>>> print(open('run_33.txt').read())   # compact mmCIF, C-alpha atoms
# COMPACT_ATOMS: atom_id res chain seq x y z
CA MET A 286 50.32 77.79 102.63
CA ASP A 287 50.56 75.77 99.40
CA HIS A 288 48.98 78.65 97.57
CA LEU A 289 51.85 80.97 98.59
CA LYS A 290 54.55 78.46 97.53
CA GLU A 291 52.97 78.12 94.11
CA ASN A 292 53.42 81.84 93.51
CA LEU A 293 57.05 81.74 94.69
CA LEU A 294 58.08 79.09 92.13
CA THR A 295 57.55 81.29 89.07
CA ILE A 296 60.63 81.99 86.94
CA HIS A 297 61.95 85.51 86.67
CA PRO A 298 61.20 86.98 83.19
CA THR A 299 64.87 87.78 82.51
CA ALA A 300 65.89 84.18 83.23
CA LYS A 301 63.11 82.90 80.96
CA ASP A 302 64.26 85.22 78.13
CA PHE A 303 67.84 84.00 78.58
CA HIS A 304 66.64 80.38 78.45
CA ASP A 305 64.71 81.05 75.22
CA VAL A 306 67.71 82.75 73.56
CA TRP A 307 69.97 79.90 74.66
CA LYS A 308 67.53 77.29 73.31
CA ARG A 309 67.31 79.06 69.90
CA ALA A 310 71.12 79.29 69.72
CA CYS A 311 71.45 75.56 70.44
CA ASP A 312 68.83 74.72 67.81
CA THR A 313 70.58 76.93 65.22
CA ALA A 314 73.96 75.36 66.02
CA ALA A 315 72.52 71.84 65.68
CA ARG A 316 70.92 72.74 62.33
CA CYS A 317 74.21 74.25 61.04
CA ILE A 318 76.15 71.15 62.08
CA ALA A 319 73.65 68.89 60.31
CA GLU A 320 73.87 71.02 57.13
CA ALA A 321 77.68 70.95 57.26
CA LYS A 322 77.69 67.17 57.66
CA GLU A 323 75.39 66.76 54.66
CA TYR A 324 77.48 69.16 52.55
CA ASN A 325 80.72 67.36 53.41
CA LYS A 326 79.09 63.98 52.72
CA GLN A 327 77.98 65.14 49.25
CA ARG A 328 81.45 66.53 48.45
CA TRP A 329 83.11 63.31 49.60
CA GLU A 330 80.80 61.10 47.56
CA LYS A 331 81.26 63.32 44.50
CA SER A 332 85.07 63.35 44.55
CA HIS A 333 86.04 60.13 46.32
CA MET A 334 87.06 57.17 44.22
CA GLU A 335 87.90 53.79 45.66
CA PRO A 336 91.42 52.74 44.70
CA ASP A 337 91.67 49.83 42.32
CA PHE A 338 94.64 48.24 44.06
CA LYS A 339 94.58 44.52 44.64
CA GLU A 340 96.54 42.55 47.17
CA GLY A 341 100.05 42.00 45.83
CA ASP A 342 100.10 45.05 43.52
CA GLN A 343 103.25 47.15 43.60
CA VAL A 344 102.64 50.73 44.71
CA LEU A 345 104.62 53.89 45.37
CA VAL A 346 104.17 55.71 48.66
CA LYS A 347 104.55 59.51 48.81
CA ASN A 348 106.31 59.53 52.16
CA ALA A 349 109.34 57.38 52.84
CA LEU A 350 108.07 54.57 55.00
CA GLU A 351 108.66 50.89 55.39
CA VAL A 352 105.96 48.54 56.60
CA LYS A 353 107.19 45.25 58.00
CA LEU A 354 104.48 42.96 59.20
CA THR A 355 106.14 40.51 61.56
CA GLU A 356 104.95 38.78 64.69
CA GLU A 357 106.66 41.34 66.91
CA SER A 358 105.06 44.32 65.16
CA CYS A 359 101.59 42.87 64.80
CA ARG A 360 100.42 45.13 67.62
CA LYS A 361 101.30 48.24 65.60
CA HIS A 362 98.74 49.55 63.18
CA PRO A 363 100.13 48.99 59.64
CA VAL A 364 97.59 51.23 57.92
CA PHE A 365 98.17 54.58 56.23
CA ALA A 366 96.07 56.84 54.03
CA VAL A 367 95.35 55.56 50.52
CA SER A 368 95.97 59.09 49.23
CA LEU A 369 99.68 58.49 49.92
CA VAL A 370 99.72 55.47 47.59
CA LYS A 371 100.27 55.62 43.83
CA PRO A 372 100.38 52.66 41.41
CA TYR A 373 103.88 51.52 40.51
CA PHE A 374 104.74 51.05 36.85
CA GLN A 375 107.97 49.25 36.17
CA THR A 376 110.41 51.16 33.96
CA GLU A 377 112.53 49.69 31.20
CA GLU A 378 115.64 49.91 33.40
CA ASP A 379 113.89 47.90 36.13
CA LYS A 380 112.70 45.24 33.70
CA PHE A 381 116.09 44.88 32.00
CA PRO A 382 118.84 45.92 34.45
CA SER A 383 121.66 44.50 32.30
CA ARG A 384 120.64 46.58 29.28
CA LYS A 385 122.88 49.60 28.83
CA LYS A 386 121.14 52.88 28.38
CA ASN A 387 122.38 55.02 25.52
CA PRO A 388 123.16 58.53 26.70
CA THR A 389 121.02 61.12 24.98
CA PRO A 390 123.08 63.40 22.79
CA PRO A 391 123.18 67.06 23.84
CA GLU A 392 120.60 69.21 22.15
CA ILE A 393 122.06 71.31 19.37
CA VAL A 394 120.51 74.72 19.14
CA GLU A 395 120.94 76.58 15.91
CA VAL A 396 120.52 80.32 15.78
CA LYS A 397 118.59 81.18 12.67
CA ASP A 398 118.58 84.70 11.32
CA SER A 399 121.65 85.46 13.39
CA LEU A 400 122.71 89.05 12.98
CA GLY A 401 126.20 88.44 14.28
CA PRO A 402 127.64 88.53 17.77
CA VAL A 403 125.50 89.72 20.68
CA LYS A 404 126.25 93.16 22.08
CA LYS A 405 124.03 92.93 25.16
CA ILE A 406 120.71 91.76 26.55
CA ILE A 407 118.29 94.64 27.04
CA ASN A 408 115.16 93.16 28.60
CA ALA A 409 113.43 89.93 29.62
CA ARG A 410 109.89 88.64 29.41
CA LYS A 411 108.01 85.47 30.20
CA ILE A 412 105.63 84.04 27.60
CA ILE A 413 103.60 80.85 27.35
CA LEU A 414 104.49 78.53 24.48
CA SER A 415 102.71 75.18 24.15
CA GLY A 416 101.29 75.58 27.65
CA LYS A 417 104.70 76.11 29.28
CA ASP A 418 106.30 79.28 30.60
CA GLN A 419 109.33 80.32 28.59
CA ARG A 420 111.65 83.20 29.35
CA GLN A 421 112.80 85.25 26.39
CA TYR A 422 115.41 87.98 26.24
CA LEU A 423 115.55 91.07 24.03
CA VAL A 424 118.99 90.91 22.41
CA ARG A 425 120.88 93.74 20.72
CA PHE A 426 123.47 92.68 18.17
CA LYS A 427 126.81 94.39 17.56
CA ASN A 428 126.92 96.87 14.67
CA HIS A 429 123.09 96.98 14.50
CA THR A 430 120.49 99.52 15.62
CA ALA A 431 117.53 99.01 17.95
CA ASP A 432 115.20 98.12 15.06
CA LYS A 433 117.16 94.84 14.64
CA ASP A 434 116.71 93.78 18.30
CA LYS A 435 115.16 90.30 18.65
CA TRP A 436 113.41 88.33 21.35
CA LEU A 437 115.31 85.05 21.74
CA ALA A 438 114.94 82.05 24.03
CA GLU A 439 117.79 81.55 26.47
CA ASP A 440 119.08 78.54 24.51
CA ALA A 441 119.29 80.56 21.31
CA ILE A 442 121.61 83.27 22.66
CA PRO A 443 125.26 82.79 21.69
CA ASP A 444 127.58 83.07 24.73
CA ARG A 445 124.46 83.18 26.88
CA ASN A 446 126.21 82.63 30.23
CA LEU A 447 128.33 85.74 29.88
CA HIS A 448 125.53 87.96 28.57
CA LEU A 449 122.95 86.71 31.09
CA ARG A 450 125.37 87.32 33.97
CA ARG A 451 125.94 90.89 32.78
CA PHE A 452 122.20 91.46 32.25
CA ARG A 453 121.30 90.21 35.74
CA ALA A 454 124.08 92.26 37.32
CA SER A 455 122.85 95.40 35.55
CA ARG A 456 119.32 94.68 36.79
CA ARG A 457 120.54 94.36 40.38
CA THR A 458 122.41 97.66 40.21
CA GLU A 459 119.36 99.39 38.69
CA GLN A 460 117.16 98.10 41.51
CA SER A 461 119.63 99.10 44.23
CA ASN A 462 119.89 102.64 42.79
CA LYS A 463 116.12 103.16 43.05
>>> encode(input="run_33.txt", output="C-alpha cells")
Amino acid sequence: MDHLKENLLTIHPTAKDFHDVWKRACDTAARCIAEAKEYNKQRWEKSHMEPDFKEGDQVLVKNALEVKLTEESCRKHPVFAVSLVKPYFQTEEDKFPSRKKNPTPPEIVEVKDSLGPVKKIINARKIILSGKDQRQYLVRFKNHTADKDKWLAEDAIPDRNLHLRRFRASRRTEQSNK
C-alpha cells in the first residue's frame, strides 16, 4: 500500500514548471532590487554633503515654518529636511538698522546713433548677451528706409511704451487673422 501512495505524491509537470518560472522571477526581482539599492547608495554618497551648520547658527528655511521647542510641544517632532535649510548671511540693513539707505538713481539710457524719432517696431528677437536672455526689437525710424532699421534693446527705444503696445497689438491681430 505504501508503494501506491509514493506514486500518488508526485507533482504534476505543469505545476512544477510554474514553480520553476515563479522561482526564477523572484530571484530576478531580488537581484534587481539589490542592484537598485547599490546604485542609489552610490549616487547618494557621490552627491550628498553633510551641512556645516553648528548649533546656534542662523539659517533660512525654504518653507515658512516656525519651530518652538517648549515643554508642551516636546512630544512633536521638531525635525525637518536639511535640504530646506540655507545659511543666513546678515545684510547691511540688518546690521545697521538706523542707517538710511540712499535710493539708487534711475538708470539713464542714452540712444547712440539715433536716427530720429521711431516710426514703428517691425520685429522682435531674443539673444543671449553676457549669459542672459535679452529681447531686442527691429526699429524703423521716420524718414528713413529699411536699410537704416536697427536692432535695439527695449531700454534704448524712445517712447518705448507706445511703440511696444502698438507692436504687440499688431502681432495679436496678425495671429488672429491666420
>>> atom_distance(input="run_33.txt", atom1="atom CA of A:His448", atom2="atom CA of A:Val403")
8.1 Å
>>> axis_aligned_box(input="run_33.txt", around="stretch 301-318 of chain A", padding_each_side="3 Å", output="AutoDock Vina command-line options")
--center_x 69.6 --center_y 78.2 --center_z 71.0 --size_x 19.0 --size_y 20.1 --size_z 25.9
>>> atom_distance(input="run_33.txt", atom1="atom CA of A:Arg420", atom2="atom CA of A:Lys404")
19.1 Å
>>> residues_around(input="run_33.txt", residues="A:Gln343", least_positions_apart="4", cutoff="10 Å", atoms="all atoms listed in the file", output="PyMOL selection string")
chain A and resi 338-339+370-375
>>> closest_residue(input="run_33.txt", among="A:Ile296, A:Ala431, A:Ala409, A:Val424", to="A:Pro443", atoms="all atoms listed in the file")
A:Val424
>>> closest_residue(input="run_33.txt", among="A:Arg451, A:Arg456, A:Ala321, A:Lys411", to="A:Ala438", atoms="only C-alpha atoms")
A:Lys411
>>> atom_distance(input="run_33.txt", atom1="atom CA of A:Trp436", atom2="atom CA of A:Arg457")
21.2 Å
>>> residues_near_point(input="run_33.txt", point="(124.1, 88.4, 22.8)", cutoff="9 Å", atoms="all atoms listed in the file", output="PyMOL selection string")
chain A and resi 401-406+424-427+442-445+447-449
>>> write_last_selection(input="run_33.txt", atoms="C-alpha atoms", output="PDB file, keeping the file's coordinate frame")
ATOM      1  CA  GLY A 401     126.200  88.440  14.280  1.00  0.00           C
ATOM      2  CA  PRO A 402     127.640  88.530  17.770  1.00  0.00           C
ATOM      3  CA  VAL A 403     125.500  89.720  20.680  1.00  0.00           C
ATOM      4  CA  LYS A 404     126.250  93.160  22.080  1.00  0.00           C
ATOM      5  CA  LYS A 405     124.030  92.930  25.160  1.00  0.00           C
ATOM      6  CA  ILE A 406     120.710  91.760  26.550  1.00  0.00           C
ATOM      7  CA  VAL A 424     118.990  90.910  22.410  1.00  0.00           C
ATOM      8  CA  ARG A 425     120.880  93.740  20.720  1.00  0.00           C
ATOM      9  CA  PHE A 426     123.470  92.680  18.170  1.00  0.00           C
ATOM     10  CA  LYS A 427     126.810  94.390  17.560  1.00  0.00           C
ATOM     11  CA  ILE A 442     121.610  83.270  22.660  1.00  0.00           C
ATOM     12  CA  PRO A 443     125.260  82.790  21.690  1.00  0.00           C
ATOM     13  CA  ASP A 444     127.580  83.070  24.730  1.00  0.00           C
ATOM     14  CA  ARG A 445     124.460  83.180  26.880  1.00  0.00           C
ATOM     15  CA  LEU A 447     128.330  85.740  29.880  1.00  0.00           C
ATOM     16  CA  HIS A 448     125.530  87.960  28.570  1.00  0.00           C
ATOM     17  CA  LEU A 449     122.950  86.710  31.090  1.00  0.00           C
TER      18      LEU A 449
END
